[in-house]
Amino acid sequence: MHNKSIKQLSAMLRSRMISATELAQHFLARIRSSDLNAFLHVDEGLTLAQAADADARIHFDDVTPLTGIPIAHKDIFVTQHWRSTAGSKMLENYVSPFDATIVTRLIDTGAVHLGKLNCDEFAMGSSNENSYFGPVRNPWDKDAIPGGSSGGSAAAVAARLTAGATGTDTGGSIRQPAALCGITGIKPTYGRVSRYGMIAYASSLDQGGPMAKSAEDCALLLNEMAGFDPRDSTSVRRPKEDFTQNLHQPLAGLRIGVPKEYFGEGLANDVAQAVRAALSEYEKLGAKLVDISLPNTALSIPVYYVIAPAEASSNLSRYDGVRYGRRAEAYYDLQDMYKKTRAEGFGEEVQRRILIGTYVLSHGYYDAYYLQAQRIRRLIAQDFREAFTQCDVIMGPVTPTVAWNLGDKADDPVANYLGDIYTLSTNLAGLPGMSIPCGFGQGDKNARRPVGLQLTGNYFDEARLLNIAHQFQLATDWHQRTPEGV
Amino acid sequence: MHLNLSDVQHIANLAQLELSDTQAQKTLGQLNGIFELVNQMRAVDTTGIEPLSHPIAALMPDLSLRLREDNVSEPDRRDAYQQAAPATQDGLYLVPKVIE
C-alpha cells in the first residue's frame, strides 16, 4: 500500500477500497517501527482526527486529489498543533500560534498530516548532521547521510513513511536530499510558494516545494502548495496553473542544454555515467542535446556563501531570548542574556554562518563582499538567460558524488560547501529546479546509493519541468526502486 | 587577507554571540578557510553591473515589493503570541533591568 502513488491512493480512497483512517494507521505504524530519525514530532491522535475528517469529506464526496493522503512537513514550516523546532535547540519546545500558509492550504485540501520532519538546523546544511535532534539515516544505506537540509523529508519518502512531504530549498535543500535518497523533488520559481510561516534562513533564496515518489505526485502536491499569498511580500501574483496538465506531452524536439561546467573536474565517474545514461534515454524519447556553457558556475559557491549568511545573520537576530524560544538560564544583564541565549541555542554551523554574515555586512566590508556577491549574482542569472535562448531545459548532475558516510565531512565546512556546486546557482537566479532518480553509484558501497538527475527550467516553467520528468519516469523505473525491506 | 583572533571576537560581539577563547580559536581557522573560498570573487570585474537582490528582478526589471493599505487587518492575539515567550507579565515581555 505504501508503494502506491498519490494518484493511486486517491482513487482507492474515492472508491472506498480503503479509508483515510486505515491509510493513516498504516503509515503511523511504519513511522513507529522506523529507526531513521526522520520524524521529530508525531501525534497519532491529531493525525487520526484529521483522517476522520477526511473520511467524512469522502463520505459526502467533498474531495480534492489530496483528501485522505498522508503527508508530512519539514520542521521549517510552523504548525499550531505540532512543535516547530527548525532542528534547533533554540526552538526545542516551540509551538507556533499560527500555521504556515502552505500548511493551511494542505489542511484545507483534506490531506492528513503525519507530523514534522527532521532537518539541518534552520535549514543550514547538506547532510542533516546539523540537526540538534541528531542526524537522519539514509534508508538505502544507514551508514550514509540522507543529504540536507530536507533530509528527513527525503528519507521519509524513500522509506515510504509518508506518501509525500514538503521541503525547502535555499541552495539545493530539496534537490540534493531527493537525489541522495532516490526520490523526486521540485524547487519552484522564487515566489511561487508562500514563505509565510516558513522559518526564514535566507529570504531572497528560500523557496518551499514538494518531495514525493514521482513527478506526477509532485505535480499534485504543487497544485495545492503554489499560489499568491498576500502575507508574503515576495509572493508572485500569477493565474492558477494545473501542473498536471502538460504531463503527457511528448518530448520530440525538446532541446536539452548540457552545461560543460557540470561535467568537469570533481564529478565522480559513477555519477557522471548515470547522468549520461539518463541523457541518452532522453535522446531516445526524441530530445536533442545541446552543448551550453554557464561560465560563472564555480563562482556560485563564494557568492552563495556570502549572500545566504548575510541574510541569515539578519533573519536570525530575532532569536534574542525575549519573544519566543529559549532563554539562557543564568546571565547578569540584558546583553549577557542575548549572548548566552544565542551561544547556547544555536549549533556550530548556524553560529558560523551568523559570524560570516555579520562580517560581510559590517562597516568597511559591505561593498567588497556583499555588493560584489550581488553583482556576480546578476552575472549568474544572465548566464541562464543566455543559455535558455539555446535550449528548453538544462540537465546535469545534482551532486558531484553519491551520499557520503555519516561523519565523513562533519567537521569540514568548506568540504560541505563545495558539494553544493551544481545546485546553488538555480537559487541565486530564482529558477525552478528538480531532481529525479536516474540510477545508482558503482562499487561496493556506492552501488546501493542513488544518483539524481537535475532539471533546471526557465522562470515559471514548472509544468514543463514536471512534464519532462514524468516522461522519463514513464520510460524508466528508477523512481519505483525502493531500499531493501521497504 | 586573514582574520585574527581579535577579529573573530569583534564579529561575535557584533552578532551578540558569546564565544569562548577555545571556540574562537577553532572558528578562526574555519572562517579563514571559508574566506579563502569567498575571496575568489575579488578577481571578477563587475564594473557597471547592478547588484541583484531579488531574483525575479532578473526577469522583471521593474519589480517592486508590494505594499498593502495601512489599515488594521489582524485580530489582537497577544495572549496566544506571548505563550511562547520565556517571561511575560501583564501582557508585557520581561527582560533584565536596563535602567537603574
# chains A, B, ... in the order shown; residues from 1 in each chain; ligands from 1
>>> residues_around(residues="Arg77 of chain B", least_positions_apart="6", cutoff="12 Å", atoms="only C-alpha atoms", output="PyMOL selection string")
(chain A and resi 97-98) or (chain B and resi 83+91)
>>> residues_around(residues="Leu431 of chain A", least_positions_apart="4", cutoff="7 Å", atoms="only C-alpha atoms", output="list in words")
Thr189, Tyr190, Thr426, Asn427, Gly457, Asn458 and Tyr459 of chain A
>>> interface_residues(of="chain A", to="chain B", cutoff="8 Å", atoms="only C-alpha atoms", output="VMD selection string")
chain A and resid 94 to 97 190 204 to 205 233 to 234 299 301 to 303 305 to 306 313 317 321 to 327 333 to 335 338 to 340 342 to 343 351 to 352 354 to 356 358 to 359 368 371 to 379 381 to 382 412 to 414 428 to 430 459
>>> closest_atom_pairs(of="segment 183-279 of chain A", to="segment 437-452 of chain A", cutoff="12 Å", atoms="only C-alpha atoms", output="JSON lines")
{"residue": "A:Ile183", "atom": "CA", "partner": "A:Pro437", "partner_atom": "CA", "distance": 5.9}
{"residue": "A:Thr184", "atom": "CA", "partner": "A:Pro437", "partner_atom": "CA", "distance": 6.6}
{"residue": "A:Gly185", "atom": "CA", "partner": "A:Pro437", "partner_atom": "CA", "distance": 9.6}
{"residue": "A:Ala212", "atom": "CA", "partner": "A:Pro437", "partner_atom": "CA", "distance": 11.3}
{"residue": "A:Lys213", "atom": "CA", "partner": "A:Pro437", "partner_atom": "CA", "distance": 9.5}
{"residue": "A:Ser214", "atom": "CA", "partner": "A:Pro437", "partner_atom": "CA", "distance": 9.1}
{"residue": "A:Ala215", "atom": "CA", "partner": "A:Pro437", "partner_atom": "CA", "distance": 10.4}
{"residue": "A:Ala268", "atom": "CA", "partner": "A:Gly441", "partner_atom": "CA", "distance": 9.1}
{"residue": "A:Asn269", "atom": "CA", "partner": "A:Gly441", "partner_atom": "CA", "distance": 8.6}
{"residue": "A:Asp270", "atom": "CA", "partner": "A:Gly441", "partner_atom": "CA", "distance": 5.0}
{"residue": "A:Val271", "atom": "CA", "partner": "A:Gly441", "partner_atom": "CA", "distance": 6.1}
{"residue": "A:Ala272", "atom": "CA", "partner": "A:Val451", "partner_atom": "CA", "distance": 9.3}
{"residue": "A:Gln273", "atom": "CA", "partner": "A:Gly441", "partner_atom": "CA", "distance": 8.7}
{"residue": "A:Ala274", "atom": "CA", "partner": "A:Gly439", "partner_atom": "CA", "distance": 5.5}
{"residue": "A:Val275", "atom": "CA", "partner": "A:Cys438", "partner_atom": "CA", "distance": 6.8}
{"residue": "A:Arg276", "atom": "CA", "partner": "A:Cys438", "partner_atom": "CA", "distance": 9.6}
{"residue": "A:Ala277", "atom": "CA", "partner": "A:Cys438", "partner_atom": "CA", "distance": 8.2}
{"residue": "A:Ala278", "atom": "CA", "partner": "A:Cys438", "partner_atom": "CA", "distance": 6.2}
{"residue": "A:Leu279", "atom": "CA", "partner": "A:Cys438", "partner_atom": "CA", "distance": 9.7}
>>> write_last_selection(atoms="N, CA and C atoms", output="short mmCIF file (atom, residue, chain, number, x, y, z; two decimals), in the first residue's frame")
data_model
loop_
_atom_site.label_atom_id
_atom_site.label_comp_id
_atom_site.auth_asym_id
_atom_site.auth_seq_id
_atom_site.Cartn_x
_atom_site.Cartn_y
_atom_site.Cartn_z
N ILE A 183 14.54 9.94 -4.60
CA ILE A 183 13.14 10.35 -4.77
C ILE A 183 13.07 11.57 -5.70
N THR A 184 11.86 12.09 -5.90
CA THR A 184 11.66 13.21 -6.81
C THR A 184 11.31 14.45 -6.00
N GLY A 185 11.93 15.58 -6.35
CA GLY A 185 11.62 16.83 -5.64
C GLY A 185 11.71 18.00 -6.58
N ALA A 212 8.34 13.80 -3.33
CA ALA A 212 7.45 12.64 -3.40
C ALA A 212 8.11 11.54 -4.22
N LYS A 213 7.33 10.49 -4.52
CA LYS A 213 7.90 9.35 -5.23
C LYS A 213 8.05 9.60 -6.72
N SER A 214 7.26 10.52 -7.27
CA SER A 214 7.30 10.71 -8.72
C SER A 214 6.98 12.16 -9.06
N ALA A 215 7.24 12.51 -10.33
CA ALA A 215 6.93 13.85 -10.82
C ALA A 215 5.42 14.10 -10.79
N ALA A 268 32.21 12.74 -9.78
CA ALA A 268 32.59 11.32 -9.66
C ALA A 268 32.16 10.56 -10.92
N ASN A 269 32.97 9.57 -11.30
CA ASN A 269 32.69 8.80 -12.51
C ASN A 269 31.35 8.11 -12.49
N ASP A 270 31.02 7.54 -11.31
CA ASP A 270 29.76 6.78 -11.28
C ASP A 270 28.54 7.69 -11.45
N VAL A 271 28.62 8.89 -10.88
CA VAL A 271 27.52 9.84 -11.04
C VAL A 271 27.45 10.30 -12.50
N ALA A 272 28.61 10.61 -13.07
CA ALA A 272 28.65 11.05 -14.48
C ALA A 272 28.02 9.99 -15.39
N GLN A 273 28.34 8.72 -15.13
CA GLN A 273 27.82 7.66 -16.00
C GLN A 273 26.31 7.55 -15.90
N ALA A 274 25.78 7.62 -14.70
CA ALA A 274 24.32 7.52 -14.52
C ALA A 274 23.62 8.70 -15.20
N VAL A 275 24.21 9.89 -15.07
CA VAL A 275 23.60 11.08 -15.67
C VAL A 275 23.67 11.00 -17.20
N ARG A 276 24.82 10.56 -17.73
CA ARG A 276 24.97 10.41 -19.19
C ARG A 276 23.95 9.40 -19.73
N ALA A 277 23.74 8.32 -18.97
CA ALA A 277 22.78 7.30 -19.41
C ALA A 277 21.37 7.90 -19.45
N ALA A 278 21.06 8.75 -18.47
CA ALA A 278 19.74 9.38 -18.46
C ALA A 278 19.58 10.31 -19.66
N LEU A 279 20.65 11.02 -20.01
CA LEU A 279 20.58 11.91 -21.17
C LEU A 279 20.36 11.10 -22.45
#
>>> residues_around(residues="Pro70 of chain A", least_positions_apart="3", cutoff="6 Å", atoms="only C-alpha atoms", output="NGL selection string")
:A and (112-113 or 162-163)
>>> closest_residue(among="A:Gln471, A:Thr168, A:Thr341, A:Thr389", to="Gly286 of chain A", atoms="only C-alpha atoms")
A:Gln471
>>> select_by_dssp(residues="segment 378-482 of chain A", states="helix (DSSP H, G or I)", output="number ranges by chain")
A: 378-387, 413-418, 424-429, 446-448, 462-475, 478-480
>>> residues_around(residues="Thr47 of chain A", least_positions_apart="6", cutoff="12 Å", atoms="only C-alpha atoms", output="PyMOL selection string")
chain A and resi 20-28+41+53-54+68-72+81-82+107+110-116
>>> residues_around(residues="Ala475 of chain A", least_positions_apart="4", cutoff="9 Å", atoms="only C-alpha atoms", output="short mmCIF file (atom, residue, chain, number, x, y, z; two decimals) with N, CA and C atoms, in the first residue's frame")
data_model
loop_
_atom_site.label_atom_id
_atom_site.label_comp_id
_atom_site.auth_asym_id
_atom_site.auth_seq_id
_atom_site.Cartn_x
_atom_site.Cartn_y
_atom_site.Cartn_z
N GLU A 281 18.76 8.31 -22.59
CA GLU A 281 17.36 7.90 -22.53
C GLU A 281 16.46 9.03 -23.08
N LEU A 285 13.78 9.42 -26.31
CA LEU A 285 12.42 9.96 -26.23
C LEU A 285 12.21 11.12 -27.20
N HIS A 470 8.17 13.54 -15.89
CA HIS A 470 7.16 12.46 -15.95
C HIS A 470 7.42 11.55 -17.15
N GLN A 471 7.75 12.12 -18.30
CA GLN A 471 8.01 11.30 -19.49
C GLN A 471 9.18 10.35 -19.25
#
>>> select_by_dssp(residues="chain B", states="strand (DSSP E or B)", output="JSON, numbers by chain")
{"B": [88, 89, 92, 93]}
>>> atom_distance(atom1="atom CA of Ser435 of chain A", atom2="atom CA of Leu466 of chain A")
10.4 Å
>>> atom_distance(atom1="atom CA of Ser34 of chain A", atom2="atom CA of Asp141 of chain A")
13.7 Å
>>> atom_distance(atom1="atom CA of Val360 of chain A", atom2="atom CA of Glu311 of chain A")
10.4 Å
